[in-house]
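Student: Here's a structure for you.
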Amino acid sequence: MTRRTAPSTHARTKRWHTFIVSVLIVTGLILTAIITWINVRSSYQLWEQGAMARADQLSESLRYRVWRNREPLIAISTLYSGSDDVTQAELEMAYQQIMSVTSLDVDHLLAFVSDQNFEVQQVAGSLTELPTVVGEQLDSRLHDAIRAARENPGSVLFGALVRPQNTSYLPVVISAHNAEQSGTLLYLLNFSRLLDIVTAGAIESDITFSLYYPLDSTINHASLPPLASEAEAHYIRNIDMGLHSWQLDWSFDADSGGGIDQRLSYTLALGGTLITLLASFILMSLLHQDRIVRQQIDRKSRELEDTQAMLIKREKMAALGKMVAGISHELNTPIGNTLLAATLLRSRSKDLVNELTERNDAIETFVSVATESTYLIEKNIQRATELIRSLKHVSVDQSSERRRQFNLADTLQELAQTLSPGLRAEKLRLTLDVPVDIYMDSYPGALYQIISNLVTNAMAHAYPENAVDPNTDYRGELLLQVEYVNKDLISLRFSDDGAGIDPAARDHIFEPFFTTSMGSGGSGLGLHIVATLVSDVLGGSITLENTRHGTHFLIILPLTAP
């Protein structure tokens, strides 16, 4: 019986690499097909938009030329409105003058038609397919235009297109009076000829249109040559001509006249295929080196991790050394003073024993020195104790702080009551401006410590001693304002109206052991503790705002602590 062995690691890696390369080739070909299709589609849309733009341009050109050809009618209407009686000879003379000063190259005629029985009373010019003779009734197909002129006196109107045989004519009318007789001036022009002039050189083999108007949608007044092949796009454009709206049905042929250039699509397809094959070859080469590089990276990573651990340890030791140096510097003064007082007290006690039997005043001297030394020892020991307590707060352990949900206004009000005895003793007043609807899921103990340190800092540094306002019997005013920043953040602005902070010290106030009261009770840890609690425990930020008077701290906190 033959035992089947498990495939080697090399074989599994080779199959995995083959799978990756196959996926790359298939993906590349699919992307090439998609990009080529997008380019073809974009080219078609670009061609279609260009064709519609040409259609819009030609439609507006046709409308403009039609409206411009009203000039003879407007000129003749001025003649009739300015004269009591216009004769046939005067009409012909005016017509000849108009023809001499205008360059109208479209067949047309002008006629004055009576409103009573549509009788042609005066005429200038002629049209063979639609004759208009003096003394005869006007062609019935033009009666609608005459009626429209009667209903809209004084307005130049375009009537419905008429098409006897293979030529379309456009009636343009305006109401007029002649010798107390009401009538209509009719200007009839060869619309087919006008259309030929407008489209000459503009209509190519890949574009055509049909022109209809609502009175008869079966007659195409354009009569342009058809497209060489079936149209790929259609576009309908309506032209407002007053009484009637002309409908232009445009057709576009992408196959004629080089409508769409497919060379870019062919280039994209070929280029995409070549790039896919080249990328596959490069990937195969890279995967071939992958295992060796991975081993080297793993080895270097282990070395870097060891180096990083060593550097972190060194940084911690350096930070600890810096802190110990700062603590040693701060503890040196109170402990040295205590040692001096104890040494003096021991010396005086020895002297007292030697001189007790000789002089009574030695007792008084000893009592005085002992009292002062005891006081000095007590104060310096208290100073050292406070410094050590502050040092403990620097490394706040977040896990030891109890987290809970609380109402911010109630919490700050409780804190204000706790601080009120000390504030009264220092003749300071704390005012709260806190919305009652703010609830936080955070660490109230840390918040207590932050506000307490800010208040203590203001008591110690913001106000000179004995500077009491006689009007209020207070040295100063502290204000704590809370506002929403957004639905997740709030801002706490703590401000005082005291002496402010020296500009040279503003950039260092949050550094540990930095104080402007060195040797007079300042440890330099109060604001550093505040910054540590705000950022590390509550997940917020604190900044010192630039103000002209007093000191303003701005704290931004999330409603839910991290």
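Naming works like this for the structure tokens: A, B, ... for the chains as they're shown, residue 1 at the start of each chain, ligands 1 onward in shown order.
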Go through segment 14-227 of chain A and collect every residue that DSSP, computed from the backbone, puts in helix (DSSP H, G or I); the answer should be as a ChimeraX atom specification.

Tutor: /A:14-68,71-81,88-101,140-151,191-199

Student: Using 10 Å as the limit and counting only C-alpha atoms, can you tabulate each residue of segment 420-512 of chain A that touches segment 544-549 of chain A, with its shortest atom-to-atom distance in Å and the two atoms involved, as JSON lines?

Tutor:
{"residue": "A:Arg493", "atom": "CA", "partner": "A:Glu545", "partner_atom": "CA", "distance": 9.5}
{"residue": "A:Phe494", "atom": "CA", "partner": "A:Leu544", "partner_atom": "CA", "distance": 9.9}
{"residue": "A:Ser495", "atom": "CA", "partner": "A:Glu545", "partner_atom": "CA", "distance": 9.6}
{"residue": "A:Asp496", "atom": "CA", "partner": "A:His549", "partner_atom": "CA", "distance": 8.6}
{"residue": "A:Asp497", "atom": "CA", "partner": "A:His549", "partner_atom": "CA", "distance": 6.4}
{"residue": "A:Gly498", "atom": "CA", "partner": "A:His549", "partner_atom": "CA", "distance": 7.3}
{"residue": "A:Ala499", "atom": "CA", "partner": "A:His549", "partner_atom": "CA", "distance": 7.2}
{"residue": "A:Gly500", "atom": "CA", "partner": "A:His549", "partner_atom": "CA", "distance": 6.4}
{"residue": "A:Ile501", "atom": "CA", "partner": "A:His549", "partner_atom": "CA", "distance": 9.5}
{"residue": "A:Pro503", "atom": "CA", "partner": "A:Asn546", "partner_atom": "CA", "distance": 9.6}
{"residue": "A:Arg506", "atom": "CA", "partner": "A:Leu544", "partner_atom": "CA", "distance": 7.6}
{"residue": "A:Asp507", "atom": "CA", "partner": "A:Leu544", "partner_atom": "CA", "distance": 8.9}
{"residue": "A:Ile509", "atom": "CA", "partner": "A:Leu544", "partner_atom": "CA", "distance": 9.0}
{"residue": "A:Phe510", "atom": "CA", "partner": "A:Leu544", "partner_atom": "CA", "distance": 9.6}

Student: Store the residues picked out above in a file with N, CA and C atoms, as a PDB file, in the first residue's frame.

Tutor:
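Result written to part.pdb:
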ATOM      1  N   ARG A 493     -14.803  76.590  31.314  1.00  0.00           N
ATOM      2  CA  ARG A 493     -13.919  77.757  31.310  1.00  0.00           C
ATOM      3  C   ARG A 493     -13.809  78.269  32.752  1.00  0.00           C
ATOM      4  N   PHE A 494     -12.626  78.133  33.343  1.00  0.00           N
ATOM      5  CA  PHE A 494     -12.360  78.619  34.694  1.00  0.00           C
ATOM      6  C   PHE A 494     -11.554  79.902  34.579  1.00  0.00           C
ATOM      7  N   SER A 495     -12.042  80.982  35.174  1.00  0.00           N
ATOM      8  CA  SER A 495     -11.377  82.276  35.037  1.00  0.00           C
ATOM      9  C   SER A 495     -11.378  83.001  36.375  1.00  0.00           C
ATOM     10  N   ASP A 496     -10.368  83.875  36.520  1.00  0.00           N
ATOM     11  CA  ASP A 496     -10.314  84.773  37.678  1.00  0.00           C
ATOM     12  C   ASP A 496      -9.993  86.175  37.172  1.00  0.00           C
ATOM     13  N   ASP A 497     -10.219  87.151  38.012  1.00  0.00           N
ATOM     14  CA  ASP A 497      -9.959  88.543  37.640  1.00  0.00           C
ATOM     15  C   ASP A 497      -8.727  89.081  38.380  1.00  0.00           C
ATOM     16  N   GLY A 498      -7.760  88.184  38.594  1.00  0.00           N
ATOM     17  CA  GLY A 498      -6.575  88.551  39.361  1.00  0.00           C
ATOM     18  C   GLY A 498      -5.478  89.150  38.511  1.00  0.00           C
ATOM     19  N   ALA A 499      -4.229  88.954  38.974  1.00  0.00           N
ATOM     20  CA  ALA A 499      -3.084  89.623  38.358  1.00  0.00           C
ATOM     21  C   ALA A 499      -2.650  88.981  37.056  1.00  0.00           C
ATOM     22  N   GLY A 500      -3.124  87.767  36.724  1.00  0.00           N
ATOM     23  CA  GLY A 500      -2.724  87.114  35.493  1.00  0.00           C
ATOM     24  C   GLY A 500      -1.390  86.400  35.633  1.00  0.00           C
ATOM     25  N   ILE A 501      -0.906  85.852  34.494  1.00  0.00           N
ATOM     26  CA  ILE A 501       0.334  85.083  34.473  1.00  0.00           C
ATOM     27  C   ILE A 501       1.354  85.808  33.617  1.00  0.00           C
ATOM     28  N   PRO A 503       3.858  86.609  30.879  1.00  0.00           N
ATOM     29  CA  PRO A 503       3.983  86.017  29.528  1.00  0.00           C
ATOM     30  C   PRO A 503       5.156  85.066  29.396  1.00  0.00           C
ATOM     31  N   ARG A 506       3.993  81.542  30.564  1.00  0.00           N
ATOM     32  CA  ARG A 506       2.758  80.937  30.047  1.00  0.00           C
ATOM     33  C   ARG A 506       3.019  79.589  29.380  1.00  0.00           C
ATOM     34  N   ASP A 507       4.176  79.434  28.713  1.00  0.00           N
ATOM     35  CA  ASP A 507       4.451  78.197  27.994  1.00  0.00           C
ATOM     36  C   ASP A 507       4.944  77.080  28.895  1.00  0.00           C
ATOM     37  N   ILE A 509       3.635  76.521  32.344  1.00  0.00           N
ATOM     38  CA  ILE A 509       2.844  76.361  33.568  1.00  0.00           C
ATOM     39  C   ILE A 509       2.384  74.920  33.782  1.00  0.00           C
ATOM     40  N   PHE A 510       2.305  74.114  32.712  1.00  0.00           N
ATOM     41  CA  PHE A 510       1.853  72.738  32.887  1.00  0.00           C
ATOM     42  C   PHE A 510       3.010  71.763  33.059  1.00  0.00           C
TER      43      PHE A 510
END

Student: Measure the distance from atom CA of Thr184 of chain A to atom CA of Thr128 of chain A in Å and round it to one decimal.

Tutor: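 According to the coordinates, atom CA of Thr184 of chain A and atom CA of Thr128 of chain A are separated by 21.5 Å.
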
Student: Excluding same-chain residues fewer than 5 positions from Tyr266 of chain A, what lies within 12 Å of it counting only C-alpha atoms, as a list of chain:residue names?

Tutor: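 Listing them by chain and then by number gives A:Thr32, A:Ala33, A:Ile35, A:Thr36, A:Trp37, A:Asn39, A:Val40, A:Asp261, A:Gly271, A:Gly272, A:Thr273.
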
Student: Show me a table, sorted first by chain and then by increasing residue number, of the residues of segment 197-267 of chain A having an atom at most 10 Å from segment 156-167 of chain A, each with its shortest atom pair and the distance in Å to one decimal, counting only C-alpha atoms and written as JSON lines.

Tutor:
{"residue": "A:Tyr212", "atom": "CA", "partner": "A:Leu161", "partner_atom": "CA", "distance": 9.0}
{"residue": "A:Tyr213", "atom": "CA", "partner": "A:Ala160", "partner_atom": "CA", "distance": 7.6}
{"residue": "A:Pro214", "atom": "CA", "partner": "A:Ala160", "partner_atom": "CA", "distance": 8.9}
{"residue": "A:Leu215", "atom": "CA", "partner": "A:Ala160", "partner_atom": "CA", "distance": 7.4}
{"residue": "A:Asp216", "atom": "CA", "partner": "A:Ala160", "partner_atom": "CA", "distance": 9.2}
{"residue": "A:Ile219", "atom": "CA", "partner": "A:Arg163", "partner_atom": "CA", "distance": 8.1}
{"residue": "A:Asn220", "atom": "CA", "partner": "A:Arg163", "partner_atom": "CA", "distance": 9.3}
{"residue": "A:His221", "atom": "CA", "partner": "A:Arg163", "partner_atom": "CA", "distance": 7.5}
{"residue": "A:Ala222", "atom": "CA", "partner": "A:Thr167", "partner_atom": "CA", "distance": 9.6}
{"residue": "A:Ser223", "atom": "CA", "partner": "A:Asn166", "partner_atom": "CA", "distance": 8.7}
{"residue": "A:Met241", "atom": "CA", "partner": "A:Phe158", "partner_atom": "CA", "distance": 6.5}
{"residue": "A:Gly242", "atom": "CA", "partner": "A:Leu157", "partner_atom": "CA", "distance": 6.7}
{"residue": "A:Leu243", "atom": "CA", "partner": "A:Phe158", "partner_atom": "CA", "distance": 6.6}
{"residue": "A:His244", "atom": "CA", "partner": "A:Ala160", "partner_atom": "CA", "distance": 6.9}
{"residue": "A:Ser245", "atom": "CA", "partner": "A:Ala160", "partner_atom": "CA", "distance": 9.5}
{"residue": "A:Trp246", "atom": "CA", "partner": "A:Ala160", "partner_atom": "CA", "distance": 9.5}

Student: Could you tell me, as number ranges by chain, which residues of segment 52-254 of chain A DSSP assigns to strand (DSSP E or B) when given the backbone?

Tutor: A: 108-114, 119-125, 137, 157-158, 162, 169-178, 181-190, 207-213, 216, 233-240, 245-252

Student: So the first atom is atom CA of His234 of chain A and the second is atom CA of Asp249 of chain A; what is the distance between them in Å, to one decimal place?

Tutor: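 One can read the atom CA of His234 of chain A to atom CA of Asp249 of chain A distance as 7.2 Å.
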
Student: Using only C-alpha atoms, which residue out of A:Leu283, A:Thr431, A:Asp488, A:Ala561 lies closest to Arg403 of chain A?

Tutor: A:Ala561

Student: Can you tell me, as a PDB file with C-alpha atoms, in the first residue's frame, what residues are no more than 6 Å from Leu170 of chain A when counting only C-alpha atoms, ignoring any on the same chain fewer than 4 positions away?

Tutor:
ATOM      1  CA  LEU A 161     -46.980  77.187 -42.208  1.00  0.00           C
ATOM      2  CA  LEU A 188     -45.807  85.944 -47.103  1.00  0.00           C
ATOM      3  CA  LEU A 189     -42.306  84.530 -47.537  1.00  0.00           C
ATOM      4  CA  PHE A 191     -39.996  79.382 -45.931  1.00  0.00           C
TER       5      PHE A 191
END
